[in-house]
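S.K.: This is run37.pdb, which holds PDB, C-alpha atoms, pLDDT in the B column:
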MODEL        1
ATOM      1  CA  MET A   1       7.032  70.689 -40.011  1.00 92.00           C
ATOM      2  CA  LYS A   2       5.087  73.727 -41.254  1.00 95.00           C
ATOM      3  CA  ALA A   3       4.663  76.970 -39.357  1.00 96.00           C
ATOM      4  CA  ARG A   4       2.633  80.106 -40.009  1.00 95.00           C
ATOM      5  CA  PHE A   5       3.677  83.689 -39.315  1.00 96.00           C
ATOM      6  CA  THR A   6       1.956  87.012 -39.849  1.00 94.00           C
ATOM      7  CA  THR A   7       5.140  88.534 -41.298  1.00 95.00           C
ATOM      8  CA  GLU A   8       7.894  87.350 -43.623  1.00 96.00           C
ATOM      9  CA  GLN A   9      10.714  85.547 -41.738  1.00 97.00           C
ATOM     10  CA  PRO A  10      14.465  85.266 -42.304  1.00 97.00           C
ATOM     11  CA  ALA A  11      15.763  81.845 -43.390  1.00 97.00           C
ATOM     12  CA  VAL A  12      17.875  81.557 -40.199  1.00 97.00           C
ATOM     13  CA  ARG A  13      17.431  83.223 -36.833  1.00 97.00           C
ATOM     14  CA  TRP A  14      20.424  82.726 -34.501  1.00 97.00           C
ATOM     15  CA  GLN A  15      19.860  83.726 -30.870  1.00 97.00           C
ATOM     16  CA  PRO A  16      22.871  83.149 -28.577  1.00 96.00           C
ATOM     17  CA  LEU A  17      22.184  82.399 -24.914  1.00 95.00           C
ATOM     18  CA  ASP A  18      24.415  83.121 -21.931  1.00 88.00           C
ATOM     19  CA  ASN A  19      25.332  79.497 -21.199  1.00 89.00           C
ATOM     20  CA  GLY A  20      27.105  78.594 -24.448  1.00 91.00           C
ATOM     21  CA  MET A  21      23.851  77.503 -26.036  1.00 93.00           C
ATOM     22  CA  VAL A  22      22.015  78.969 -29.010  1.00 96.00           C
ATOM     23  CA  ASP A  23      18.377  78.960 -30.123  1.00 97.00           C
ATOM     24  CA  VAL A  24      18.095  78.427 -33.873  1.00 97.00           C
ATOM     25  CA  THR A  25      14.982  78.952 -35.985  1.00 97.00           C
ATOM     26  CA  ILE A  26      14.885  77.769 -39.612  1.00 98.00           C
ATOM     27  CA  CYS A  27      12.161  79.077 -41.979  1.00 98.00           C
ATOM     28  CA  LEU A  28      12.455  77.963 -45.614  1.00 97.00           C
ATOM     29  CA  ASN A  29      10.285  77.826 -48.728  1.00 96.00           C
ATOM     30  CA  GLY A  30       7.993  80.628 -47.584  1.00 96.00           C
ATOM     31  CA  GLN A  31       4.704  81.142 -49.336  1.00 95.00           C
ATOM     32  CA  GLU A  32       2.252  83.949 -48.760  1.00 94.00           C
ATOM     33  CA  VAL A  33      -1.190  82.418 -48.195  1.00 93.00           C
ATOM     34  CA  THR A  34      -4.604  84.037 -47.905  1.00 92.00           C
ATOM     35  CA  ASP A  35      -7.503  82.325 -46.120  1.00 89.00           C
ATOM     36  CA  GLU A  36     -11.064  83.460 -46.422  1.00 89.00           C
ATOM     37  CA  SER A  37     -13.551  82.540 -43.733  1.00 88.00           C
ATOM     38  CA  SER A  38     -17.210  83.335 -43.211  1.00 88.00           C
ATOM     39  CA  GLN A  39     -19.141  83.543 -39.978  1.00 89.00           C
ATOM     40  CA  VAL A  40     -22.796  84.145 -39.299  1.00 88.00           C
ATOM     41  CA  ASP A  41     -23.529  86.488 -36.419  1.00 88.00           C
ATOM     42  CA  GLU A  42     -26.506  86.345 -34.044  1.00 89.00           C
ATOM     43  CA  PHE A  43     -28.584  88.462 -36.474  1.00 89.00           C
ATOM     44  CA  GLY A  44     -28.094  86.008 -39.332  1.00 87.00           C
ATOM     45  CA  GLU A  45     -25.682  88.241 -41.216  1.00 89.00           C
ATOM     46  CA  THR A  46     -22.678  86.639 -42.874  1.00 89.00           C
ATOM     47  CA  HIS A  47     -19.302  88.268 -42.338  1.00 89.00           C
ATOM     48  CA  THR A  48     -16.338  87.284 -44.479  1.00 90.00           C
ATOM     49  CA  THR A  49     -12.775  87.907 -43.368  1.00 90.00           C
ATOM     50  CA  LYS A  50      -9.515  87.409 -45.218  1.00 91.00           C
ATOM     51  CA  ASP A  51      -6.394  86.468 -43.294  1.00 91.00           C
ATOM     52  CA  ALA A  52      -2.969  86.672 -44.902  1.00 94.00           C
ATOM     53  CA  TYR A  53       0.019  84.841 -43.472  1.00 95.00           C
ATOM     54  CA  TRP A  54       3.345  83.304 -44.418  1.00 96.00           C
ATOM     55  CA  GLU A  55       3.747  79.529 -44.288  1.00 96.00           C
ATOM     56  CA  TYR A  56       7.214  77.975 -44.016  1.00 97.00           C
ATOM     57  CA  ASP A  57       9.004  74.661 -43.715  1.00 97.00           C
ATOM     58  CA  PHE A  58      10.133  75.106 -40.129  1.00 97.00           C
ATOM     59  CA  ASN A  59      12.452  73.791 -37.429  1.00 97.00           C
ATOM     60  CA  GLN A  60      13.463  75.265 -34.102  1.00 97.00           C
ATOM     61  CA  PHE A  61      16.020  73.830 -31.704  1.00 96.00           C
ATOM     62  CA  ARG A  62      18.510  74.649 -28.956  1.00 95.00           C
ATOM     63  CA  ASP A  63      22.047  73.301 -29.092  1.00 94.00           C
ATOM     64  CA  SER A  64      25.545  74.024 -27.837  1.00 92.00           C
ATOM     65  CA  THR A  65      27.765  76.334 -29.863  1.00 92.00           C
ATOM     66  CA  ASP A  66      30.345  73.531 -29.585  1.00 91.00           C
ATOM     67  CA  ASN A  67      28.126  71.410 -31.881  1.00 92.00           C
ATOM     68  CA  ILE A  68      26.981  73.947 -34.494  1.00 94.00           C
ATOM     69  CA  THR A  69      28.215  77.220 -35.937  1.00 95.00           C
ATOM     70  CA  ARG A  70      26.317  80.199 -37.239  1.00 96.00           C
ATOM     71  CA  GLU A  71      28.251  80.058 -40.510  1.00 96.00           C
ATOM     72  CA  GLY A  72      27.438  76.377 -40.971  1.00 95.00           C
ATOM     73  CA  VAL A  73      23.715  76.884 -40.402  1.00 96.00           C
ATOM     74  CA  GLU A  74      23.495  80.010 -42.566  1.00 96.00           C
ATOM     75  CA  SER A  75      25.435  78.441 -45.443  1.00 96.00           C
ATOM     76  CA  ASN A  76      23.201  75.336 -45.585  1.00 95.00           C
ATOM     77  CA  PRO A  77      19.926  75.861 -43.693  1.00 97.00           C
ATOM     78  CA  GLU A  78      18.214  72.997 -45.588  1.00 96.00           C
ATOM     79  CA  ARG A  79      20.469  70.578 -43.725  1.00 95.00           C
ATOM     80  CA  TYR A  80      18.962  71.756 -40.430  1.00 96.00           C
ATOM     81  CA  LEU A  81      15.266  71.409 -41.315  1.00 95.00           C
ATOM     82  CA  ASP A  82      15.261  67.932 -39.746  1.00 94.00           C
ATOM     83  CA  TYR A  83      18.103  68.528 -37.271  1.00 94.00           C
ATOM     84  CA  THR A  84      17.677  67.242 -33.734  1.00 91.00           C
ATOM     85  CA  PRO A  85      20.384  68.039 -31.173  1.00 90.00           C
ATOM     86  CA  SER A  86      21.950  65.095 -29.402  1.00 81.00           C
ATOM     87  CA  GLN A  87      20.331  64.454 -26.058  1.00 78.00           C
ATOM     88  CA  PRO A  88      22.433  64.502 -22.891  1.00 77.00           C
ATOM     89  CA  LYS A  89      23.089  61.125 -21.338  1.00 80.00           C
ATOM     90  CA  SER A  90      20.767  59.991 -18.599  1.00 87.00           C
ATOM     91  CA  LEU A  91      22.002  59.826 -15.018  1.00 90.00           C
ATOM     92  CA  GLU A  92      22.044  56.021 -15.232  1.00 92.00           C
ATOM     93  CA  GLU A  93      24.221  56.120 -18.369  1.00 87.00           C
ATOM     94  CA  GLN A  94      26.621  58.578 -16.741  1.00 88.00           C
ATOM     95  CA  VAL A  95      26.934  56.406 -13.614  1.00 92.00           C
ATOM     96  CA  GLN A  96      27.531  53.300 -15.755  1.00 93.00           C
ATOM     97  CA  GLU A  97      30.279  55.044 -17.760  1.00 92.00           C
ATOM     98  CA  GLN A  98      31.933  56.293 -14.570  1.00 94.00           C
ATOM     99  CA  ALA A  99      31.815  52.811 -13.041  1.00 94.00           C
ATOM    100  CA  GLU A 100      33.504  51.380 -16.148  1.00 94.00           C
ATOM    101  CA  THR A 101      36.167  54.107 -16.055  1.00 94.00           C
ATOM    102  CA  ILE A 102      36.834  53.464 -12.354  1.00 94.00           C
ATOM    103  CA  GLN A 103      37.172  49.741 -13.068  1.00 94.00           C
ATOM    104  CA  ILE A 104      39.697  50.364 -15.866  1.00 94.00           C
ATOM    105  CA  LEU A 105      41.706  52.808 -13.747  1.00 94.00           C
ATOM    106  CA  THR A 106      41.736  50.384 -10.814  1.00 93.00           C
ATOM    107  CA  GLU A 107      43.065  47.592 -13.038  1.00 92.00           C
ATOM    108  CA  CYS A 108      45.754  49.918 -14.418  1.00 92.00           C
ATOM    109  CA  LEU A 109      46.779  50.962 -10.911  1.00 91.00           C
ATOM    110  CA  LEU A 110      47.036  47.343  -9.795  1.00 90.00           C
ATOM    111  CA  GLU A 111      49.151  46.443 -12.827  1.00 89.00           C
ATOM    112  CA  MET A 112      51.451  49.409 -12.221  1.00 89.00           C
ATOM    113  CA  SER A 113      51.844  48.614  -8.525  1.00 86.00           C
ATOM    114  CA  GLU A 114      52.755  44.992  -9.399  1.00 84.00           C
ATOM    115  CA  ALA A 115      55.404  46.208 -11.839  1.00 82.00           C
ATOM    116  CA  VAL A 116      56.855  48.677  -9.330  1.00 82.00           C
ATOM    117  CA  TYR A 117      56.862  46.440  -6.237  1.00 78.00           C
ATOM    118  CA  VAL A 118      57.840  43.102  -7.787  1.00 68.00           C
TER     119      VAL A 118
ENDMDL
END
Represent the structure from my file as structure tokens, please.
M.R.:
Amino acid sequence: MKARFTTEQPAVRWQPLDNGMVDVTICLNGQEVTDESSQVDEFGETHTTKDAYWEYDFNQFRDSTDNITREGVESNPERYLDYTPSQPKSLEEQVQEQAETIQILTECLLEMSEAVYV
């Protein structure tokens, strides 16, 4: 993805949050670009303006500091241009996993009680 900024940007911006999460912004391969545009006002006069900006290959994401480190991102920011944090499991998936765990624990308890009381 490309993004435009009015000022030059650092390759990595690391913004820690209070809840163990971090916002990361990646800006690579910056190029200074100038656009020229013309507009005609109500009196028929043409006005030309030049806009300068920086254009970057860009990614921005939020992830847990358990999953990524500042050193890892800063040492290889290219790796994170297409990075997408893993999504938390849905409520249905969590309930299904818990049901499976309960089933396994129940079977273990039954096996143990048979071994103890037989």
S.K.: Tell me which protein, DNA and RNA residues are within 7 Å of Gln15 (chain A), counting all atoms listed in the file, leaving out same-chain ones fewer than 4 positions away, and put them as a list in words.
M.R.: Val22, Asp23 and Val24 of chain A
S.K.: With distances taken over only C-alpha atoms, which of A:Val116, A:Glu78, A:Thr101, A:Glu8 is nearest to Trp54 (chain A)?
M.R.: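 Ranked by minimum distance to Trp54 (chain A), first place goes to A:Glu8.
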S.K.: For the file shown, what are the residues hit by the PyMOL selection byres ((chain A and resi 1) around 6), laid out as a VMD selection string?
M.R.: chain A and resid 2 57 to 58
S.K.: For a test of reading the model, state the distance in Å between CA of Ile26 (chain A) and CA of Asn67 (chain A), rounded to one decimal.
M.R.: 16.6 Å
S.K.: Restricting the calculation to only C-alpha atoms: of A:Gln96, A:Thr48, A:Thr6, A:Gln60, which residue gets closest to Leu28 (chain A)?
M.R.: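 Using only C-alpha atoms, Leu28 (chain A) sits closest to A:Gln60.
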S.K.: For the file shown, what are the residues hit by the PyMOL selection byres ((chain A and resi 63) around 9), laid out as a PyMOL selection string?
M.R.: chain A and resi 20-24+61-62+64-68+84-86
S.K.: Using the chain letters and residue numbers of this document, give as a list in words the residues selected by the PyMOL selection byres ((chain A and resi 31) around 8).
M.R.: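 Expected selection for the PyMOL selection byres ((chain A and resi 31) around 8) here is Asn29, Gly30, Glu32, Val33, Trp54, Glu55 and Tyr56 of chain A.
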S.K.: Quick one: of A:Ile104, A:Val40, A:Ala52, A:Leu17, who's nearest to Arg4 (chain A), counting all atoms listed in the file?
M.R.: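 For Arg4 (chain A), the nearest of the candidates is A:Ala52.
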S.K.: Expressed in Å to a single decimal, how great is the separation between CA of Asp51 (chain A) and CA of Thr7 (chain A)?
M.R.: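 Separation between CA of Asp51 (chain A) and CA of Thr7 (chain A): 11.9 Å.
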S.K.: Against region 9-12 of chain A, which residues of region 47-84 of chain A fall within 8 Å? For each one I want the closest pair of atoms and the distance in Å (one decimal), counting all atoms listed in the file, rows by chain and increasing residue number, as a tab-separated table.
M.R.:
residue	atom	partner	partner_atom	distance
A:Val73	CA	A:Val12	CA	7.5
A:Glu74	CA	A:Val12	CA	6.3
A:Pro77	CA	A:Val12	CA	7.0
S.K.: Between CA of Arg79 (chain A) and CA of Thr25 (chain A), what is the distance, to one decimal in Å?
M.R.: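 Spanning CA of Arg79 (chain A) to CA of Thr25 (chain A) is a straight-line distance of 12.7 Å.
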S.K.: Quick one: of A:Ser75, A:Cys27, A:Leu109, A:Glu97, who's nearest to Ala3 (chain A), counting only C-alpha atoms?
M.R.: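 That would be A:Cys27, the residue with the smallest distance to Ala3 (chain A).
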S.K.: Rebuild N, CA and C atoms on region 1-32 of chain A, as a compact mmCIF listing (two decimals), keeping the file's coordinate frame?
M.R.:
# COMPACT_ATOMS: atom_id res chain seq x y z
N MET A 1 8.12 70.07 -40.72
CA MET A 1 7.03 70.69 -40.01
C MET A 1 6.76 72.04 -40.68
N LYS A 2 5.50 72.43 -40.70
CA LYS A 2 5.09 73.73 -41.25
C LYS A 2 4.76 74.67 -40.10
N ALA A 3 5.01 75.95 -40.34
CA ALA A 3 4.66 76.97 -39.36
C ALA A 3 4.13 78.19 -40.10
N ARG A 4 3.23 78.91 -39.43
CA ARG A 4 2.63 80.11 -40.01
C ARG A 4 3.04 81.34 -39.21
N PHE A 5 3.31 82.42 -39.93
CA PHE A 5 3.68 83.69 -39.32
C PHE A 5 2.89 84.80 -39.99
N THR A 6 2.68 85.88 -39.28
CA THR A 6 1.96 87.01 -39.85
C THR A 6 2.86 87.90 -40.69
N THR A 7 4.18 87.75 -40.52
CA THR A 7 5.14 88.53 -41.30
C THR A 7 6.17 87.61 -41.94
N GLU A 8 6.83 88.11 -42.96
CA GLU A 8 7.89 87.35 -43.62
C GLU A 8 9.05 87.13 -42.64
N GLN A 9 9.67 85.93 -42.69
CA GLN A 9 10.71 85.55 -41.74
C GLN A 9 12.05 85.35 -42.44
N PRO A 10 13.16 85.59 -41.72
CA PRO A 10 14.46 85.27 -42.30
C PRO A 10 14.65 83.75 -42.36
N ALA A 11 15.52 83.29 -43.26
CA ALA A 11 15.76 81.84 -43.39
C ALA A 11 16.34 81.27 -42.11
N VAL A 12 17.23 82.03 -41.44
CA VAL A 12 17.88 81.56 -40.20
C VAL A 12 17.81 82.66 -39.17
N ARG A 13 17.36 82.30 -37.98
CA ARG A 13 17.43 83.22 -36.83
C ARG A 13 18.33 82.56 -35.80
N TRP A 14 19.39 83.23 -35.42
CA TRP A 14 20.42 82.73 -34.50
C TRP A 14 20.37 83.58 -33.25
N GLN A 15 19.99 82.98 -32.12
CA GLN A 15 19.86 83.73 -30.87
C GLN A 15 20.76 83.10 -29.80
N PRO A 16 21.96 83.68 -29.59
CA PRO A 16 22.87 83.15 -28.58
C PRO A 16 22.30 83.32 -27.17
N LEU A 17 22.58 82.35 -26.32
CA LEU A 17 22.18 82.40 -24.91
C LEU A 17 23.44 82.54 -24.06
N ASP A 18 23.27 82.86 -22.81
CA ASP A 18 24.42 83.12 -21.93
C ASP A 18 25.24 81.88 -21.59
N ASN A 19 24.67 80.70 -21.69
CA ASN A 19 25.33 79.50 -21.20
C ASN A 19 26.03 78.68 -22.28
N GLY A 20 26.44 79.32 -23.38
CA GLY A 20 27.10 78.59 -24.45
C GLY A 20 26.15 77.86 -25.36
N MET A 21 24.88 78.12 -25.20
CA MET A 21 23.85 77.50 -26.04
C MET A 21 23.33 78.55 -27.02
N VAL A 22 22.61 78.07 -28.02
CA VAL A 22 22.02 78.97 -29.01
C VAL A 22 20.65 78.42 -29.41
N ASP A 23 19.68 79.32 -29.57
CA ASP A 23 18.38 78.96 -30.12
C ASP A 23 18.42 79.26 -31.61
N VAL A 24 18.07 78.27 -32.42
CA VAL A 24 18.10 78.43 -33.87
C VAL A 24 16.70 78.19 -34.43
N THR A 25 16.26 79.09 -35.30
CA THR A 25 14.98 78.95 -35.98
C THR A 25 15.25 78.94 -37.48
N ILE A 26 14.73 77.92 -38.17
CA ILE A 26 14.88 77.77 -39.61
C ILE A 26 13.51 77.95 -40.25
N CYS A 27 13.40 78.85 -41.22
CA CYS A 27 12.16 79.08 -41.98
C CYS A 27 12.52 79.10 -43.46
N LEU A 28 12.12 78.07 -44.19
CA LEU A 28 12.46 77.96 -45.61
C LEU A 28 11.21 77.76 -46.46
N ASN A 29 11.34 78.05 -47.74
CA ASN A 29 10.28 77.83 -48.73
C ASN A 29 9.01 78.57 -48.37
N GLY A 30 9.15 79.83 -48.00
CA GLY A 30 7.99 80.63 -47.58
C GLY A 30 7.03 80.91 -48.72
N GLN A 31 5.76 80.82 -48.39
CA GLN A 31 4.70 81.14 -49.34
C GLN A 31 3.69 82.03 -48.64
N GLU A 32 3.30 83.09 -49.31
CA GLU A 32 2.25 83.95 -48.76
C GLU A 32 0.90 83.31 -49.08
